[in-house]
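Asker: As input, take entry_17.tsv (TSV, C-alpha atoms):
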chain	number	residue	atom	x	y	z
A	31	MET	CA	-16.42	-4.71	9.62
A	32	ILE	CA	-14.61	-1.62	8.35
A	33	HIS	CA	-13.07	-0.87	11.75
A	34	ALA	CA	-12.18	-4.54	12.15
A	35	LYS	CA	-9.90	-4.47	9.12
A	36	TRP	CA	-7.66	-1.91	10.79
A	37	ASP	CA	-7.60	-4.00	13.97
A	38	ARG	CA	-6.58	-7.06	11.94
A	39	ARG	CA	-3.69	-5.17	10.36
A	40	ILE	CA	-2.45	-3.87	13.71
A	41	ARG	CA	-2.81	-7.25	15.42
A	42	ARG	CA	-1.08	-9.11	12.58
A	43	ALA	CA	1.85	-6.66	12.54
A	44	ASN	CA	2.37	-7.13	16.27
A	45	GLU	CA	2.07	-10.91	15.98
A	46	LEU	CA	4.67	-11.16	13.22
A	47	THR	CA	7.33	-9.24	15.14
A	48	SER	CA	8.17	-12.41	17.10
A	49	SER	CA	8.29	-14.82	14.16
A	50	TYR	CA	9.86	-12.42	11.64
A	51	THR	CA	12.44	-10.76	13.87
A	52	PHE	CA	14.35	-9.39	10.88
A	53	ALA	CA	11.33	-7.17	10.14
A	54	ALA	CA	10.37	-6.39	13.75
A	55	GLU	CA	11.36	-2.71	13.68
A	56	GLY	CA	9.42	-2.02	10.51
A	57	LEU	CA	6.40	-3.98	11.69
A	58	LEU	CA	6.26	-2.11	15.00
A	59	PHE	CA	6.43	1.18	13.12
A	60	TYR	CA	3.65	0.02	10.80
A	61	ALA	CA	1.47	-1.06	13.75
A	62	ARG	CA	1.79	2.42	15.26
A	63	LEU	CA	1.17	4.07	11.90
A	64	ALA	CA	-1.92	1.92	11.32
A	65	THR	CA	-3.22	2.92	14.76
A	66	PHE	CA	-3.10	6.56	13.67
A	67	GLN	CA	-4.62	5.68	10.30
A	68	LYS	CA	-7.49	3.86	11.99
A	69	SER	CA	-8.32	6.87	14.17
A	70	PHE	CA	-8.07	9.20	11.18
A	71	TYR	CA	-10.35	6.94	9.14
A	72	GLN	CA	-12.88	7.02	11.97
A	73	GLU	CA	-12.72	10.81	12.10
A	74	ILE	CA	-13.26	11.04	8.34
A	75	GLN	CA	-16.15	8.62	8.61
A	76	LYS	CA	-17.75	10.68	11.38
A	77	THR	CA	-17.29	13.98	9.54
A	78	LEU	CA	-18.70	12.66	6.26
A	79	ALA	CA	-21.37	10.44	7.82
A	80	ASP	CA	-24.27	12.29	6.20
A	81	SER	CA	-22.71	12.44	2.75
A	82	PRO	CA	-24.24	10.21	0.05
A	83	LYS	CA	-22.15	7.53	-1.60
A	84	THR	CA	-20.02	8.90	-4.42
A	85	SER	CA	-21.00	7.92	-7.92
A	86	SER	CA	-18.79	5.23	-9.44
A	87	ASP	CA	-18.50	7.44	-12.55
A	88	ARG	CA	-16.55	10.11	-10.68
A	89	PRO	CA	-12.78	9.48	-10.56
A	90	LEU	CA	-11.53	9.02	-7.02
A	91	ARG	CA	-8.71	11.50	-7.58
A	92	ASP	CA	-11.26	14.24	-8.29
A	93	GLU	CA	-12.11	14.18	-4.59
A	94	LEU	CA	-9.69	16.09	-2.41
A	95	ASP	CA	-11.19	17.77	0.65
A	96	LEU	CA	-8.45	20.09	1.89
A	97	PHE	CA	-10.78	21.58	4.51
A	98	LEU	CA	-10.94	18.11	6.06
A	99	LEU	CA	-7.34	17.08	5.48
A	100	LEU	CA	-5.18	20.10	6.29
A	101	PRO	CA	-6.23	20.51	9.97
A	102	ASN	CA	-5.21	16.89	10.60
A	103	PHE	CA	-1.83	17.06	8.88
A	104	PRO	CA	0.22	18.69	11.69
A	105	GLY	CA	-1.06	16.07	14.15
A	106	PHE	CA	0.01	13.35	11.74
A	107	LEU	CA	3.49	14.87	11.39
A	108	SER	CA	3.77	15.02	15.17
A	109	VAL	CA	2.92	11.32	15.44
A	110	ILE	CA	5.50	10.43	12.77
A	111	GLN	CA	8.18	12.37	14.65
A	112	GLN	CA	7.45	10.20	17.70
A	113	ILE	CA	7.21	6.76	16.09
A	114	ALA	CA	9.23	6.75	12.86
A	115	PRO	CA	12.86	5.81	12.24
A	116	VAL	CA	15.17	8.82	12.51
A	117	PRO	CA	15.39	9.83	8.81
A	118	LEU	CA	11.62	9.87	8.37
A	119	ALA	CA	11.06	11.56	11.75
A	120	GLN	CA	13.47	14.30	10.69
A	121	ALA	CA	11.69	14.67	7.36
A	122	ALA	CA	8.38	15.05	9.20
A	123	ALA	CA	9.88	17.72	11.46
A	124	GLY	CA	11.15	19.60	8.42
A	125	LEU	CA	7.79	19.44	6.71
A	126	ALA	CA	6.03	20.57	9.90
A	127	GLN	CA	8.05	23.79	9.81
A	128	LYS	CA	6.81	24.65	6.31
A	129	GLY	CA	3.34	25.48	7.59
A	130	PRO	CA	-0.05	25.17	5.86
A	131	ALA	CA	1.23	26.19	2.41
A	132	GLY	CA	3.91	23.50	2.51
A	133	TRP	CA	1.47	20.90	3.82
A	134	GLN	CA	-1.03	21.67	1.07
A	135	HIS	CA	1.70	21.41	-1.56
A	136	ALA	CA	2.80	18.00	-0.25
A	137	ILE	CA	-0.78	16.68	-0.22
A	138	GLU	CA	-1.68	18.02	-3.66
A	139	ASP	CA	1.63	16.97	-5.18
A	140	PHE	CA	1.00	13.36	-4.24
A	141	TRP	CA	-2.74	13.24	-4.83
A	142	GLN	CA	-2.78	14.98	-8.18
A	143	GLY	CA	0.55	13.71	-9.43
A	144	ASP	CA	1.71	10.47	-10.95
A	145	PHE	CA	1.55	7.80	-8.26
A	146	GLU	CA	4.33	5.92	-10.02
A	147	THR	CA	6.81	8.53	-8.80
A	148	VAL	CA	6.38	7.17	-5.27
A	149	ALA	CA	9.07	4.72	-6.32
A	150	ALA	CA	11.19	7.19	-8.25
A	151	VAL	CA	14.92	7.50	-7.72
A	152	ASP	CA	15.64	11.23	-7.91
A	153	ASP	CA	15.92	13.74	-5.04
A	154	MET	CA	15.62	11.06	-2.40
A	155	GLU	CA	16.17	10.36	1.25
A	156	PRO	CA	16.32	6.86	2.73
A	157	VAL	CA	13.37	5.87	4.86
A	158	ARG	CA	15.34	3.49	7.03
A	159	GLY	CA	18.61	1.58	7.08
A	160	GLY	CA	19.23	-1.71	5.35
A	161	ASP	CA	20.27	-3.10	2.01
A	162	LEU	CA	16.70	-3.10	0.72
A	163	CYS	CA	15.85	0.48	1.57
A	164	ASP	CA	15.03	2.31	-1.64
A	165	ALA	CA	15.18	6.05	-1.26
A	166	ILE	CA	11.78	7.70	-1.61
A	167	PRO	CA	11.05	11.44	-1.66
A	168	SER	CA	10.19	12.08	1.96
A	169	HIS	CA	7.32	14.49	1.30
A	170	ARG	CA	5.68	11.98	-1.04
A	171	LEU	CA	6.09	9.11	1.39
A	172	LEU	CA	4.58	11.15	4.22
A	173	ALA	CA	1.69	12.24	2.00
A	174	TRP	CA	1.10	8.60	1.02
A	175	MET	CA	0.92	7.51	4.67
A	176	PHE	CA	-1.38	10.39	5.55
A	177	LEU	CA	-3.73	10.08	2.58
A	178	GLN	CA	-4.09	6.31	2.65
A	179	PRO	CA	-7.02	6.22	5.13
A	180	TYR	CA	-8.73	9.06	3.26
A	181	ALA	CA	-8.39	7.22	-0.05
A	182	GLU	CA	-9.54	4.00	1.59
A	183	TYR	CA	-12.63	5.76	2.96
A	184	LEU	CA	-13.46	7.11	-0.50
A	185	ALA	CA	-13.10	3.60	-1.94
A	186	ASP	CA	-15.26	2.05	0.78
A	187	TYR	CA	-18.07	4.55	0.31
A	188	ARG	CA	-18.48	4.49	-3.44
A	189	GLU	CA	-21.28	3.00	-5.45
A	190	SER	CA	-20.41	-0.42	-6.86
A	191	ALA	CA	-19.21	-0.44	-10.43
A	192	ILE	CA	-18.70	-3.15	-13.02
A	193	VAL	CA	-15.08	-3.24	-14.16
A	194	ASP	CA	-14.29	-4.48	-17.64
A	195	GLY	CA	-11.45	-6.97	-17.88
A	196	THR	CA	-8.70	-7.19	-15.31
A	197	PRO	CA	-6.93	-3.81	-15.18
A	198	SER	CA	-3.30	-3.71	-14.10
A	199	THR	CA	-3.84	-0.56	-12.03
A	200	CYS	CA	-6.54	0.18	-9.48
A	201	PRO	CA	-9.88	0.76	-11.24
A	202	LEU	CA	-10.81	3.35	-8.60
A	203	CYS	CA	-7.73	5.55	-8.23
A	204	GLY	CA	-5.27	4.41	-10.89
A	205	SER	CA	-2.51	3.40	-8.48
A	206	LYS	CA	-0.33	0.32	-8.76
A	207	PRO	CA	-1.07	-2.85	-6.82
A	208	ILE	CA	1.00	-3.38	-3.68
A	209	VAL	CA	0.37	-7.12	-3.29
A	210	GLY	CA	-1.56	-10.02	-4.78
A	211	VAL	CA	-3.93	-12.37	-2.96
A	212	LEU	CA	-4.86	-15.98	-3.66
A	213	ARG	CA	-8.14	-17.38	-2.32
A	214	SER	CA	-9.76	-20.77	-2.71
A	215	GLU	CA	-12.09	-21.17	-5.68
A	216	GLY	CA	-13.24	-24.60	-6.80
A	217	ASP	CA	-10.23	-26.88	-7.14
A	218	GLY	CA	-7.77	-24.01	-7.42
A	219	ALA	CA	-7.22	-20.45	-6.30
A	220	LYS	CA	-8.53	-17.13	-7.53
A	221	LYS	CA	-6.13	-14.20	-7.75
A	222	SER	CA	-6.79	-10.57	-6.95
A	223	LEU	CA	-4.67	-7.45	-6.47
A	224	ILE	CA	-4.77	-4.85	-3.69
A	225	CYS	CA	-4.20	-1.15	-4.41
A	226	MET	CA	-1.21	0.55	-2.78
A	227	LEU	CA	-3.26	3.65	-1.91
A	228	CYS	CA	-6.98	3.04	-1.46
A	229	ALA	CA	-6.68	-0.69	-0.61
A	230	HIS	CA	-9.34	-1.58	-3.18
A	231	GLU	CA	-9.14	-5.21	-4.23
A	232	TRP	CA	-9.98	-6.36	-7.75
A	233	SER	CA	-9.90	-9.67	-9.63
A	234	PHE	CA	-6.89	-10.38	-11.78
A	235	ARG	CA	-5.72	-13.05	-14.19
A	236	ARG	CA	-3.39	-15.72	-12.80
A	237	ILE	CA	-1.04	-15.69	-15.80
A	238	TYR	CA	-0.60	-12.02	-16.65
A	239	CYS	CA	2.04	-9.42	-15.78
A	240	PRO	CA	0.59	-6.22	-14.27
A	241	ALA	CA	3.72	-4.33	-15.28
A	242	CYS	CA	4.05	-5.11	-19.01
A	243	GLY	CA	1.02	-7.23	-19.94
A	244	GLU	CA	3.01	-10.39	-20.65
A	245	GLU	CA	0.70	-13.41	-20.80
A	246	ARG	CA	2.92	-16.14	-22.22
A	247	GLU	CA	3.13	-18.78	-19.53
A	248	PRO	CA	6.84	-19.63	-20.07
A	249	GLN	CA	7.72	-16.01	-19.25
A	250	MET	CA	5.77	-16.01	-15.99
A	251	ALA	CA	6.88	-17.86	-12.86
A	252	TYR	CA	6.59	-17.79	-9.10
A	253	TYR	CA	9.00	-18.72	-6.32
A	254	SER	CA	8.56	-19.45	-2.64
A	255	THR	CA	10.48	-20.90	0.28
A	256	PRO	CA	9.32	-23.49	2.84
A	257	GLU	CA	10.12	-21.05	5.64
A	258	ILE	CA	7.53	-18.57	4.30
A	259	ALA	CA	5.35	-20.97	2.34
A	260	HIS	CA	2.25	-18.76	2.22
A	261	VAL	CA	4.02	-15.90	0.41
A	262	ARG	CA	5.37	-16.23	-3.10
A	263	VAL	CA	7.23	-14.01	-5.53
A	264	ASP	CA	5.45	-13.66	-8.88
A	265	VAL	CA	8.00	-12.70	-11.52
A	266	CYS	CA	7.94	-11.73	-15.17
A	267	ASP	CA	11.01	-12.66	-17.21
A	268	THR	CA	10.02	-10.24	-19.96
A	269	CYS	CA	10.18	-7.00	-17.96
A	270	HIS	CA	12.00	-8.42	-14.90
A	271	THR	CA	9.37	-7.11	-12.51
A	272	TYR	CA	7.98	-8.88	-9.44
A	273	LEU	CA	5.05	-8.66	-7.08
A	274	LYS	CA	4.51	-10.73	-3.96
A	275	SER	CA	1.27	-12.68	-3.52
A	276	ILE	CA	-0.19	-13.95	-0.25
A	277	ASP	CA	-1.72	-17.43	-0.48
A	278	LEU	CA	-4.64	-17.48	1.94
A	279	THR	CA	-5.27	-21.13	1.11
A	280	LYS	CA	-2.12	-21.90	3.11
A	281	THR	CA	-2.45	-19.38	5.95
A	282	GLY	CA	-5.92	-18.02	6.51
A	283	LEU	CA	-4.71	-15.74	9.30
A	284	ALA	CA	-2.49	-13.74	6.98
A	285	VAL	CA	-3.30	-10.08	6.29
A	286	ALA	CA	-1.98	-9.39	2.81
A	287	VAL	CA	-0.64	-5.86	3.22
A	288	VAL	CA	1.07	-6.77	6.51
A	289	ASP	CA	2.56	-10.10	5.45
A	290	GLU	CA	3.90	-8.34	2.37
A	291	LEU	CA	5.77	-5.90	4.60
A	292	ALA	CA	7.17	-8.65	6.81
A	293	THR	CA	8.68	-10.96	4.20
A	294	ILE	CA	11.86	-9.02	3.45
A	295	PRO	CA	13.98	-12.11	2.56
A	296	LEU	CA	11.81	-12.63	-0.51
A	297	ASP	CA	12.53	-9.07	-1.65
A	298	LEU	CA	16.23	-9.69	-1.13
A	299	TRP	CA	16.07	-12.87	-3.19
A	300	ALA	CA	14.13	-11.20	-6.01
A	301	ARG	CA	16.49	-8.24	-6.28
A	302	GLU	CA	19.56	-10.43	-6.10
A	303	HIS	CA	18.14	-12.27	-9.11
A	304	GLY	CA	17.62	-9.12	-11.13
A	305	TYR	CA	13.93	-8.42	-10.57
A	306	GLU	CA	12.56	-4.96	-9.75
A	307	LYS	CA	9.54	-4.56	-7.50
A	308	LEU	CA	6.38	-3.27	-9.16
A	309	GLN	CA	5.57	-1.00	-6.20
A	310	ILE	CA	7.72	-0.29	-3.15
A	311	ASN	CA	5.82	-0.53	0.14
A	312	LEU	CA	5.58	1.95	3.02
A	313	LEU	CA	8.74	0.56	4.61
A	314	GLY	CA	10.81	1.17	1.50
A	315	THR	CA	11.18	-2.49	0.52
Using the file provided, produce a representation of the structure as structure tokens.
Answerer:
Amino acid sequence: MIHAKWDRRIRRANELTSSYTFAAEGLLFYARLATFQKSFYQEIQKTLADSPKTSSDRPLRDELDLFLLLPNFPGFLSVIQQIAPVPLAQAAAGLAQKGPAGWQHAIEDFWQGDFETVAAVDDMEPVRGGDLCDAIPSHRLLAWMFLQPYAEYLADYRESAIVDGTPSTCPLCGSKPIVGVLRSEGDGAKKSLICMLCAHEWSFRRIYCPACGEEREPQMAYYSTPEIAHVRVDVCDTCHTYLKSIDLTKTGLAVAVVDELATIPLDLWAREHGYEKLQINLLGT
């Protein structure tokens, strides 16, 4: 089942390139990136196969195995140089030249730092062309891509824990959500959020802003278009933040993290109307 989730992401990204041609380049890049991430996840799983599950009391960010990670980093940078758009490929080549000390700094800077700075606006390079491309520090973006399967492994192999309430950040690693998900429940739909780093999914309130905590219904709204009916833009008119949600009751074949990447027109609409995205995705949108 764990390996199947990577296959679903890769398959969905390839499928959507034909129907969402405006996002085809980014989706093809993501499919290739996810192929590397799948193989890296499998290697981590094999290496740590005899390790017991981590206690739910131990913060996920306390776990950073540099002996496991560093030997795999140059191979990752080599892959990025082959598959990424030019600016990111050049950034990977530059980081590759910094050697083990530079690689360790990039990994530790992201893992031990404030994940919110992934979407910062200082000292930036664009990831790819286009009106929606927010500049992201290249070393942080590369570290995010590299560490995602490691974080996801740590999340998958933890003891189950009871989470109080509906936290606005990931209860395992403290990162922001990248996308919401709606699933059938009774006569309606249940909402959950998916972490931008470890892909952990947790239940969340339908009428509640994960950015500012707004819970007054008149201040919360969602918008969609018939052309992409299964994806909606959840907005907060208090803090002017938005997050996309994937409605699996309308399209059961959707893969939330992939469909979020593909639906660029909704990001354009939201930003044109003055909303800022809660968490930029791996493609810079």
Asker: Check the smallest atom-to-atom distance from each of A:Glu55, A:Asp139, A:Glu189, A:Asp289 to Gly210 (chain A) using all atoms listed in the file, then report the winner.
Answerer: A:Asp289
Asker: Which residue gives the smallest distance to Thr293 (chain A) among A:Ile237, A:Leu227, A:Ala79, A:Leu46, with only C-alpha atoms counted?
Answerer: A:Leu46
Asker: Take CA of Ala173 (chain A) and CA of Leu98 (chain A) and report the distance between them in Å, one decimal.
Answerer: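 Atom-to-atom, CA of Ala173 (chain A) and CA of Leu98 (chain A) are spaced 14.5 Å apart.
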Asker: So that I can check the surroundings of Leu90 (chain A), please list as a VMD selection string every protein, DNA and RNA residue that reaches within 7 Å of it, counting only C-alpha atoms and ignoring chain neighbours fewer than 3 positions away.
Answerer: chain A and resid 93 202 to 203
Asker: Could you pull the residues within 12 Å of Gly124 (chain A), counting only C-alpha atoms, minus those fewer than 6 positions along the same chain, as a list in words?
Answerer: Pro104, Leu107, Ser108, Ile110, Gln111, Pro117, Leu118, Gly132, Trp133, Ser168, His169 and Leu172 of chain A
